[in-house]
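Chemist: Data file protein-v4.csv (CSV, C-alpha atoms) is appended below.
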```csv
chain,number,residue,atom,x,y,z
A,1,MET,CA,0.0,0.0,0.0
A,2,GLY,CA,2.8,2.4,1.0
A,3,LYS,CA,4.8,1.6,-2.1
A,4,ALA,CA,1.7,2.0,-4.2
A,5,LEU,CA,1.3,5.5,-2.7
A,6,VAL,CA,4.9,6.3,-3.3
A,7,ARG,CA,4.7,5.1,-6.9
A,8,ARG,CA,1.5,7.2,-7.3
A,9,ALA,CA,3.2,10.2,-5.8
A,10,ALA,CA,6.2,9.7,-8.0
A,11,VAL,CA,4.0,9.9,-11.1
A,12,GLY,CA,1.8,12.6,-9.6
A,13,PHE,CA,4.7,14.9,-8.6
A,14,PRO,CA,5.8,15.8,-12.1
A,15,VAL,CA,2.2,16.1,-13.3
A,16,SER,CA,1.6,18.4,-10.4
A,17,LEU,CA,4.6,20.5,-11.3
A,18,CYS,CA,3.3,20.8,-14.8
A,19,VAL,CA,-0.2,21.8,-13.6
A,20,ILE,CA,1.3,24.3,-11.2
A,21,ALA,CA,3.6,25.7,-13.9
A,22,GLY,CA,0.6,25.8,-16.3
A,23,LEU,CA,-1.5,27.7,-13.8
A,24,THR,CA,1.4,30.1,-13.1
A,25,ILE,CA,1.8,30.8,-16.7
A,26,ALA,CA,-1.9,31.3,-17.2
A,27,VAL,CA,-1.9,33.8,-14.3
A,28,PHE,CA,1.3,35.4,-15.5
A,29,ARG,CA,0.0,35.7,-19.0
A,30,GLY,CA,-2.9,37.6,-17.6
A,31,PHE,CA,-0.5,40.0,-15.9
A,32,ALA,CA,1.7,40.2,-18.8
A,33,ALA,CA,-1.1,41.3,-21.1
A,34,ASP,CA,-1.5,44.4,-18.9
A,35,ALA,CA,2.0,44.9,-17.7
A,36,PRO,CA,4.5,46.8,-19.8
A,37,THR,CA,7.4,44.7,-20.7
A,38,ASN,CA,10.5,46.7,-21.2
A,39,ARG,CA,14.2,45.8,-21.4
A,40,SER,CA,14.8,46.5,-17.8
A,41,ASP,CA,12.0,44.1,-16.7
A,42,GLY,CA,13.2,41.6,-19.2
A,43,LEU,CA,16.7,41.7,-17.9
A,44,ALA,CA,15.5,41.3,-14.3
A,45,ALA,CA,13.6,38.2,-15.4
A,46,TRP,CA,16.6,36.9,-17.3
A,47,GLN,CA,18.7,37.2,-14.1
A,48,SER,CA,16.2,34.8,-12.4
A,49,VAL,CA,16.5,32.4,-15.3
A,50,TYR,CA,20.3,32.7,-15.1
A,51,SER,CA,20.3,32.0,-11.4
A,52,VAL,CA,18.8,28.6,-12.2
A,53,MET,CA,21.0,27.8,-15.1
A,54,VAL,CA,24.2,28.3,-13.1
A,55,SER,CA,23.0,26.1,-10.2
A,56,PRO,CA,24.8,22.8,-9.9
A,57,ARG,CA,21.8,20.7,-10.9
A,58,CYS,CA,21.9,22.4,-14.3
A,59,ILE,CA,25.4,23.6,-15.0
A,60,ASN,CA,27.1,20.3,-14.1
A,61,CYS,CA,26.0,19.0,-17.5
A,62,HIS,CA,26.5,22.2,-19.4
A,63,THR,CA,30.3,21.9,-19.4
A,64,ALA,CA,32.9,22.9,-21.9
A,65,THR,CA,35.1,19.9,-21.1
A,66,ASN,CA,35.0,16.3,-22.2
A,67,TYR,CA,33.2,15.2,-19.1
A,68,PRO,CA,30.3,16.2,-16.8
A,69,GLN,CA,30.6,17.4,-13.2
A,70,GLN,CA,28.8,16.2,-10.1
A,71,HIS,CA,27.8,17.5,-6.6
A,72,ASP,CA,27.5,21.1,-5.5
A,73,ASP,CA,31.3,21.6,-5.7
A,74,ARG,CA,31.1,20.7,-9.4
A,75,HIS,CA,34.0,18.3,-9.3
A,76,ARG,CA,34.8,16.1,-12.3
A,77,HIS,CA,32.5,13.1,-12.6
A,78,PHE,CA,34.1,10.0,-11.2
A,79,ALA,CA,34.7,6.7,-13.1
A,80,ASN,CA,36.4,8.3,-16.1
A,81,VAL,CA,33.0,9.3,-17.6
A,82,VAL,CA,33.4,11.1,-20.9
A,83,ARG,CA,31.1,13.1,-23.2
A,84,GLY,CA,31.1,10.9,-26.3
A,85,ILE,CA,30.0,12.1,-29.8
A,86,ASP,CA,26.4,13.0,-28.9
A,87,GLY,CA,26.7,13.8,-25.2
A,88,HIS,CA,25.4,10.4,-24.1
A,89,GLY,CA,28.8,8.9,-23.2
A,90,VAL,CA,30.5,6.2,-25.2
A,91,PRO,CA,29.6,2.5,-25.8
A,92,GLY,CA,30.4,0.6,-22.7
A,93,LEU,CA,30.2,3.7,-20.6
A,94,ASN,CA,27.1,5.6,-21.5
A,95,CYS,CA,25.3,8.0,-19.2
A,96,ALA,CA,22.6,5.2,-19.0
A,97,THR,CA,25.2,2.8,-17.8
A,98,CYS,CA,24.3,4.2,-14.4
A,99,HIS,CA,21.6,6.9,-14.8
A,100,GLN,CA,18.2,5.4,-15.4
A,101,SER,CA,14.9,7.1,-16.3
A,102,ALA,CA,14.2,7.9,-12.6
A,103,ASN,CA,16.1,8.6,-9.5
A,104,ALA,CA,17.4,5.5,-7.9
A,105,ASP,CA,17.5,6.7,-4.3
A,106,SER,CA,18.2,3.2,-2.9
A,107,THR,CA,21.6,3.3,-4.8
A,108,GLY,CA,22.0,7.0,-4.7
A,109,VAL,CA,22.1,7.6,-8.4
A,110,PRO,CA,20.1,10.4,-9.9
A,111,GLY,CA,18.1,9.7,-13.0
A,112,ALA,CA,15.6,11.2,-15.5
A,113,TYR,CA,14.5,10.4,-19.0
A,114,ASP,CA,17.4,10.6,-21.6
A,115,TRP,CA,20.1,11.6,-19.2
A,116,HIS,CA,22.9,13.3,-21.2
A,117,LEU,CA,25.2,16.2,-21.4
A,118,ALA,CA,24.2,19.4,-23.1
A,119,PRO,CA,25.9,20.0,-26.5
A,120,LEU,CA,29.0,22.0,-26.5
A,121,SER,CA,27.2,24.9,-28.2
A,122,MET,CA,25.3,25.2,-25.0
A,123,ARG,CA,28.3,25.2,-22.7
A,124,TRP,CA,27.8,27.6,-19.8
A,125,GLN,CA,31.4,27.3,-18.5
A,126,ASP,CA,34.8,27.9,-20.0
A,127,ASN,CA,37.5,25.3,-20.4
A,128,GLU,CA,38.8,26.1,-16.9
A,129,GLU,CA,35.3,25.3,-15.5
A,130,HIS,CA,34.6,28.9,-14.7
A,131,ILE,CA,30.9,29.8,-15.0
A,132,LEU,CA,30.3,32.1,-18.0
A,133,SER,CA,28.8,35.5,-17.4
A,134,SER,CA,25.1,36.3,-17.6
A,135,ALA,CA,25.7,38.1,-20.9
A,136,ALA,CA,27.5,35.1,-22.4
A,137,VAL,CA,25.0,32.5,-21.2
A,138,CYS,CA,22.1,34.7,-22.4
A,139,SER,CA,23.8,35.1,-25.8
A,140,ALA,CA,24.1,31.3,-26.1
A,141,VAL,CA,20.6,30.5,-24.9
A,142,SER,CA,18.9,33.0,-27.2
A,143,ASP,CA,21.0,32.1,-30.3
A,144,ARG,CA,19.0,29.7,-32.5
A,145,THR,CA,22.1,28.5,-34.2
A,146,ARG,CA,23.4,27.3,-30.9
A,147,ASN,CA,20.3,26.4,-28.9
A,148,GLY,CA,18.9,23.7,-31.1
A,149,GLY,CA,16.8,26.0,-33.1
A,150,LEU,CA,14.5,27.1,-30.3
A,151,ASP,CA,12.6,30.4,-30.5
A,152,GLY,CA,11.1,32.0,-27.5
A,153,THR,CA,8.1,29.7,-27.5
A,154,GLY,CA,10.4,26.7,-27.8
A,155,LEU,CA,12.6,27.9,-25.0
A,156,LEU,CA,9.6,28.3,-22.8
A,157,LYS,CA,8.3,24.9,-23.6
A,158,HIS,CA,11.8,23.4,-22.9
A,159,HIS,CA,11.9,25.1,-19.5
A,160,GLU,CA,8.3,23.9,-18.7
A,161,GLN,CA,8.4,20.3,-19.9
A,162,GLU,CA,11.9,19.0,-20.5
A,163,PRO,CA,12.4,16.0,-18.1
A,164,LEU,CA,16.0,17.0,-17.3
A,165,VAL,CA,14.9,20.5,-16.5
A,166,LEU,CA,12.1,19.3,-14.3
A,167,TRP,CA,14.5,16.9,-12.6
A,168,ALA,CA,16.5,19.9,-11.2
A,169,TRP,CA,13.6,20.4,-8.7
A,170,ALA,CA,13.2,16.7,-7.9
A,171,PRO,CA,16.8,15.5,-7.8
A,172,GLY,CA,16.4,12.8,-5.2
A,173,HIS,CA,19.1,12.1,-2.6
A,174,GLY,CA,22.4,10.4,-2.4
A,175,LEU,CA,23.5,7.3,-0.5
A,176,ASP,CA,24.1,9.5,2.5
A,177,GLY,CA,20.4,10.2,2.7
A,178,LYS,CA,20.8,13.9,2.0
A,179,ARG,CA,18.6,15.5,-0.6
A,180,ARG,CA,20.5,17.1,-3.4
A,181,SER,CA,20.2,20.9,-3.5
A,182,VAL,CA,17.7,22.5,-5.9
A,183,PRO,CA,17.9,25.8,-7.9
A,184,PRO,CA,17.3,29.0,-5.9
A,185,ILE,CA,13.8,29.6,-7.2
A,186,THR,CA,10.9,27.3,-7.8
A,187,HIS,CA,10.1,25.7,-11.1
A,188,ALA,CA,7.0,27.8,-11.4
A,189,GLN,CA,9.0,31.0,-10.8
A,190,PHE,CA,11.6,29.8,-13.3
A,191,VAL,CA,8.9,29.3,-16.0
A,192,ALA,CA,7.2,32.6,-15.2
A,193,ALA,CA,10.6,34.4,-15.4
A,194,THR,CA,11.3,32.7,-18.7
A,195,LEU,CA,7.9,33.8,-20.0
A,196,HIS,CA,8.5,37.4,-18.9
A,197,TRP,CA,11.9,37.4,-20.5
A,198,VAL,CA,10.5,36.0,-23.8
A,199,GLU,CA,7.7,38.5,-23.8
A,200,ALA,CA,10.2,41.3,-23.3
A,201,GLY,CA,12.0,40.2,-26.4
A,202,MET,CA,14.7,38.1,-24.8
A,203,PRO,CA,17.0,40.9,-24.0
A,204,CYS,CA,20.6,40.0,-22.9
A,205,PRO,CA,22.8,42.1,-20.7
A,206,LYS,CA,25.9,43.5,-22.2
A,207,GLU,CA,29.2,42.5,-20.6
A,208,GLY,CA,29.9,44.8,-17.7
A,209,GLU,CA,26.4,46.1,-17.6
A,210,GLY,CA,26.1,45.3,-13.9
A,211,TYR,CA,25.0,41.7,-14.3
A,212,ARG,CA,27.4,38.9,-13.7
B,1,MET,CA,8.4,-8.0,-1.5
B,2,THR,CA,7.2,-7.5,-5.0
B,3,ASP,CA,6.8,-10.1,-7.7
B,4,LEU,CA,8.6,-9.1,-10.8
B,5,ALA,CA,9.0,-10.8,-14.2
B,6,LEU,CA,12.4,-10.3,-15.7
B,7,ASN,CA,13.8,-11.2,-19.1
B,8,ILE,CA,17.2,-12.7,-18.3
B,9,ASN,CA,19.3,-14.2,-21.0
B,10,GLY,CA,16.3,-14.7,-23.2
B,11,GLU,CA,14.3,-16.5,-20.5
B,12,ARG,CA,11.4,-15.1,-18.4
B,13,ARG,CA,12.3,-15.4,-14.8
B,14,MET,CA,10.0,-14.6,-11.9
B,15,VAL,CA,11.5,-13.1,-8.7
B,16,SER,CA,10.0,-11.9,-5.4
B,17,VAL,CA,12.2,-9.2,-4.1
B,18,ASP,CA,12.2,-5.8,-2.6
B,19,GLU,CA,12.0,-3.6,-5.7
B,20,THR,CA,14.8,-1.4,-4.5
B,21,THR,CA,17.2,-4.3,-4.6
B,22,PRO,CA,20.1,-3.8,-7.0
B,23,LEU,CA,19.9,-6.0,-10.1
B,24,LEU,CA,23.3,-7.5,-9.2
B,25,TRP,CA,21.9,-9.1,-6.1
B,26,VAL,CA,18.9,-10.4,-7.8
B,27,LEU,CA,21.1,-12.0,-10.4
B,28,ARG,CA,23.5,-13.5,-7.9
B,29,GLU,CA,21.3,-14.4,-4.9
B,30,GLU,CA,17.9,-15.1,-6.4
B,31,LEU,CA,18.9,-16.4,-9.9
B,32,LYS,CA,22.3,-17.9,-8.9
B,33,LEU,CA,23.9,-16.3,-11.9
B,34,THR,CA,27.2,-15.7,-10.2
B,35,GLY,CA,29.3,-14.8,-13.2
B,36,THR,CA,28.5,-11.2,-12.6
B,37,LYS,CA,30.7,-9.9,-9.8
B,38,TYR,CA,30.4,-7.5,-6.9
B,39,GLY,CA,33.3,-5.1,-6.8
B,40,CYS,CA,32.7,-1.7,-5.3
B,41,GLY,CA,29.0,-1.3,-5.1
B,42,ILE,CA,29.1,2.3,-6.3
B,43,GLY,CA,29.6,1.9,-10.0
B,44,ALA,CA,33.2,2.8,-9.9
B,45,CYS,CA,34.9,-0.5,-10.9
B,46,GLY,CA,32.6,-2.1,-13.6
B,47,ALA,CA,32.9,-5.6,-12.3
B,48,CYS,CA,29.1,-5.9,-12.1
B,49,THR,CA,28.5,-4.9,-15.7
B,50,VAL,CA,25.6,-6.5,-17.6
B,51,HIS,CA,23.6,-5.5,-20.6
B,52,VAL,CA,20.2,-4.0,-20.2
B,53,GLY,CA,18.7,-3.5,-23.6
B,54,ASP,CA,21.7,-2.6,-25.7
B,55,ILE,CA,23.4,-0.7,-22.9
B,56,ALA,CA,26.2,-1.9,-20.7
B,57,VAL,CA,24.8,-1.2,-17.2
B,58,ARG,CA,26.3,-1.3,-13.7
B,59,SER,CA,24.0,-3.8,-12.1
B,60,CYS,CA,25.1,-2.8,-8.6
B,61,LEU,CA,23.4,0.6,-9.1
B,62,LEU,CA,20.2,-0.4,-10.9
B,63,PRO,CA,17.2,-1.0,-8.6
B,64,VAL,CA,15.5,-4.1,-10.1
B,65,ALA,CA,12.2,-2.3,-10.4
B,66,LEU,CA,13.7,0.1,-13.0
B,67,VAL,CA,14.7,-2.8,-15.3
B,68,GLY,CA,11.1,-3.0,-16.5
B,69,ASP,CA,10.7,-5.2,-19.6
B,70,ARG,CA,14.1,-4.5,-21.0
B,71,PRO,CA,16.1,-7.7,-21.7
B,72,VAL,CA,19.0,-8.4,-19.5
B,73,SER,CA,22.1,-10.3,-20.7
B,74,THR,CA,24.8,-11.5,-18.4
B,75,ILE,CA,28.2,-13.0,-18.9
B,76,GLU,CA,26.5,-16.5,-18.9
B,77,ALA,CA,24.8,-15.6,-22.2
B,78,MET,CA,28.0,-14.6,-24.0
B,79,ARG,CA,28.8,-18.1,-25.0
B,80,SER,CA,25.9,-18.0,-27.4
B,81,ASP,CA,26.4,-14.4,-28.6
B,82,ARG,CA,28.4,-14.0,-31.8
B,83,VAL,CA,30.4,-11.0,-30.5
B,84,GLY,CA,30.5,-12.4,-27.0
B,85,LYS,CA,32.1,-15.6,-28.3
B,86,ALA,CA,34.7,-13.7,-30.3
B,87,VAL,CA,35.6,-11.6,-27.3
B,88,GLN,CA,35.9,-14.7,-25.0
B,89,ALA,CA,38.1,-16.4,-27.6
B,90,ALA,CA,40.3,-13.3,-27.9
B,91,TRP,CA,40.5,-13.1,-24.1
B,92,ILE,CA,41.9,-16.6,-24.0
B,93,GLU,CA,44.2,-16.2,-27.0
B,94,ASN,CA,45.7,-13.1,-25.5
B,95,ASP,CA,46.0,-14.6,-22.0
B,96,VAL,CA,44.3,-11.4,-20.6
B,97,VAL,CA,43.3,-12.7,-17.2
B,98,GLN,CA,45.5,-12.6,-14.2
B,99,CYS,CA,43.3,-12.9,-11.1
B,100,GLY,CA,40.2,-12.7,-13.3
B,101,TYR,CA,37.8,-10.9,-11.0
B,102,CYS,CA,37.2,-8.0,-13.3
B,103,GLN,CA,36.9,-10.0,-16.5
B,104,SER,CA,33.2,-10.7,-16.7
B,105,GLY,CA,32.5,-7.0,-16.4
B,106,LEU,CA,35.3,-6.1,-18.9
B,107,ILE,CA,34.0,-8.7,-21.4
B,108,MET,CA,30.5,-7.2,-21.1
B,109,GLY,CA,31.9,-3.8,-21.7
B,110,ALA,CA,34.0,-4.9,-24.6
B,111,VAL,CA,31.0,-6.6,-26.2
B,112,ALA,CA,28.9,-3.5,-25.9
B,113,LEU,CA,31.8,-1.5,-27.4
B,114,LEU,CA,32.2,-3.9,-30.4
B,115,LYS,CA,28.5,-4.0,-31.1
B,116,ALA,CA,28.4,-0.3,-31.4
B,117,ASN,CA,31.8,0.2,-32.9
B,118,PRO,CA,33.2,-2.8,-34.8
B,119,LYS,CA,36.6,-1.2,-35.4
B,120,PRO,CA,37.5,0.7,-32.3
B,121,SER,CA,40.7,2.8,-32.0
B,122,ASP,CA,43.0,2.7,-29.0
B,123,SER,CA,41.3,5.8,-27.7
B,124,ASP,CA,37.8,4.3,-28.2
B,125,ILE,CA,38.8,1.3,-26.2
B,126,GLU,CA,40.4,3.3,-23.4
B,127,GLN,CA,37.3,5.6,-23.1
B,128,SER,CA,34.7,2.8,-23.3
B,129,LEU,CA,36.5,0.6,-20.8
B,130,GLY,CA,37.8,3.5,-18.8
B,131,GLY,CA,35.2,2.8,-16.1
B,132,ASN,CA,36.3,-0.9,-15.7
B,133,ILE,CA,39.1,-1.3,-13.3
B,134,CYS,CA,41.6,-4.2,-13.4
B,135,ARG,CA,43.7,-4.3,-10.2
B,136,CYS,CA,46.1,-6.7,-11.9
B,137,GLY,CA,46.8,-4.0,-14.4
B,138,THR,CA,46.3,-6.1,-17.5
B,139,TYR,CA,45.2,-3.1,-19.6
B,140,VAL,CA,47.6,-3.7,-22.4
B,141,ARG,CA,46.4,-7.2,-22.9
B,142,ILE,CA,42.8,-6.1,-22.6
B,143,ARG,CA,43.3,-3.6,-25.4
B,144,ALA,CA,45.0,-6.2,-27.6
B,145,ALA,CA,42.2,-8.6,-27.0
B,146,VAL,CA,39.5,-6.2,-28.0
B,147,LYS,CA,41.4,-5.5,-31.2
B,148,ASP,CA,41.8,-9.2,-31.8
B,149,ALA,CA,38.1,-9.7,-31.3
B,150,ALA,CA,37.4,-6.9,-33.7
B,151,ASP,CA,39.6,-8.7,-36.3
B,152,ARG,CA,37.9,-12.0,-35.7
B,153,LEU,CA,34.5,-10.3,-36.3
B,154,ALA,CA,35.5,-8.4,-39.4
```
Would you kindly transcribe this structure into structure tokens?
Modeler:
Amino acid sequence: MGKALVRRAAVGFPVSLCVIAGLTIAVFRGFAADAPTNRSDGLAAWQSVYSVMVSPRCINCHTATNYPQQHDDRHRHFANVVRGIDGHGVPGLNCATCHQSANADSTGVPGAYDWHLAPLSMRWQDNEEHILSSAAVCSAVSDRTRNGGLDGTGLLKHHEQEPLVLWAWAPGHGLDGKRRSVPPITHAQFVAATLHWVEAGMPCPKEGEGYR
Amino acid sequence: MTDLALNINGERRMVSVDETTPLLWVLREELKLTGTKYGCGIGACGACTVHVGDIAVRSCLLPVALVGDRPVSTIEAMRSDRVGKAVQAAWIENDVVQCGYCQSGLIMGAVALLKANPKPSDSDIEQSLGGNICRCGTYVRIRAAVKDAADRLA
């Protein structure tokens, strides 16, 4: 009975997230229709989006190197894991060699559908593993030649629905029983900020404009 | 306990286990398929490698409930697998094994590599088997055997 409830909750949680996100967007759209969206508002919204992107749950797989990182200190992934041609590792040592379609809390391994590294065009770090500036990440994210061809609507959908994005707020826990940290704002706030940024025309800060 | 139907080496096997149990222990303790070895228990050594679907998987990290209906192949099935047979023959021919504890995991990794990449370079072999540790340090012979197997399969 308990396990059935847990299973149901496991299914229900992502669905609930989507529903909450959907409601948030609906409410926010109502706001947005009336509220003026200017560059300044858009930049503020972008900073919220950026705060999520540079959190360890996201940026650990948006590396510029040949490997992912892990944990909040973003150290190199153990076991000689490498990127591979398409970001899914190499035969014999794929991401799916350990990462399944769901968190495996009993063995401490995080998981979500299609676990993989982001393409190098979406690296948010430099080769020395320093996090790129807000301006640089914004430039990459809003460039359709680098972001997989996504326009604003596509980016919003990606942030709303992509399983690996959703995972950041339901990352499970390690073998030590500690829950992994989550991004600094909720998923609903992240989606709402993305919407606001998109509706403001996806402005990006300039280097040295006061945003880091 | 949960009753689960697993597809192991082409056979349907029923087990009654806690669904959080790692696949490794279901294979070894419930199904007595002891060719798959326990090494580190944290996915760092590769000794427990089996195939789930087409993917080489660390069975010590995989809760059995997450296997689903994907077919599982273990070292015991390699005798009837074309690539598996070639790798085992190359392993013997190149006298790879010293203590032998890592070899079932390494062979499973090598088979996964050769099925995806029939002509691997040195770099391909090192990267693909980079998560499989051999404490005897037989890496040079491992690489030679993988290349030998590739030649046998060509």
Chemist: Taking all atoms listed in the file into account, find every residue of chain A that has an atom no more than 12 Å from chain B, and write it out as a PyMOL selection string.
Modeler: chain A and resi 1+3-4+7+66-67+77-85+88-113+174-175
Chemist: Quick one, how far is CA of Cys58 (chain A) from CA of Gly201 (chain A)?
Modeler: 23.7 Å
Chemist: Nearest to Asp81 (chain B) among B:Ala144, B:Ile107, B:Thr138, B:Trp25, with distances taken over all atoms listed in the file: which residue is it?
Modeler: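 Nearest candidate to Asp81 (chain B) out of B:Ala144, B:Ile107, B:Thr138, B:Trp25: B:Ile107.
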Chemist: What is the CA of Pro118 (chain B) to CA of Asp86 (chain A) distance in Å?
Modeler: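 A separation of 18.2 Å between them.
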Chemist: Residues near region 5-9 of chain B, anyone? I mean within 12 Å using only C-alpha atoms, not counting same-chain ones fewer than 2 positions away, as a PyMOL selection string.
Modeler: chain B and resi 2-3+11-17+19+23+26-27+30-33+50-53+64-81
Chemist: Point out the residue among A:His62, A:Lys206, A:Arg180, A:Arg57 with the least atom-to-atom distance to Arg39 (chain A), counting only C-alpha atoms.
Modeler: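 Nearest to Arg39 (chain A): A:Lys206.
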Chemist: Which residue is closest to Ala47 (chain B)? Choose from B:Lys85, B:Pro120, B:Gln98, B:Ser104 and count all atoms listed in the file.
Modeler: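 Counting all atoms listed in the file, the residue closest to Ala47 (chain B) is B:Ser104.
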Chemist: Have a look at B:Cys40, B:Leu153, B:Val96, B:Leu4 and name the one nearest to Tyr139 (chain B); count all atoms listed in the file.
Modeler: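 Selected residue with least distance to Tyr139 (chain B): B:Val96.
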Chemist: How many Å lie between CA of Ala140 (chain A) and CA of Val54 (chain A), rounded to one decimal?
Modeler: 13.3 Å
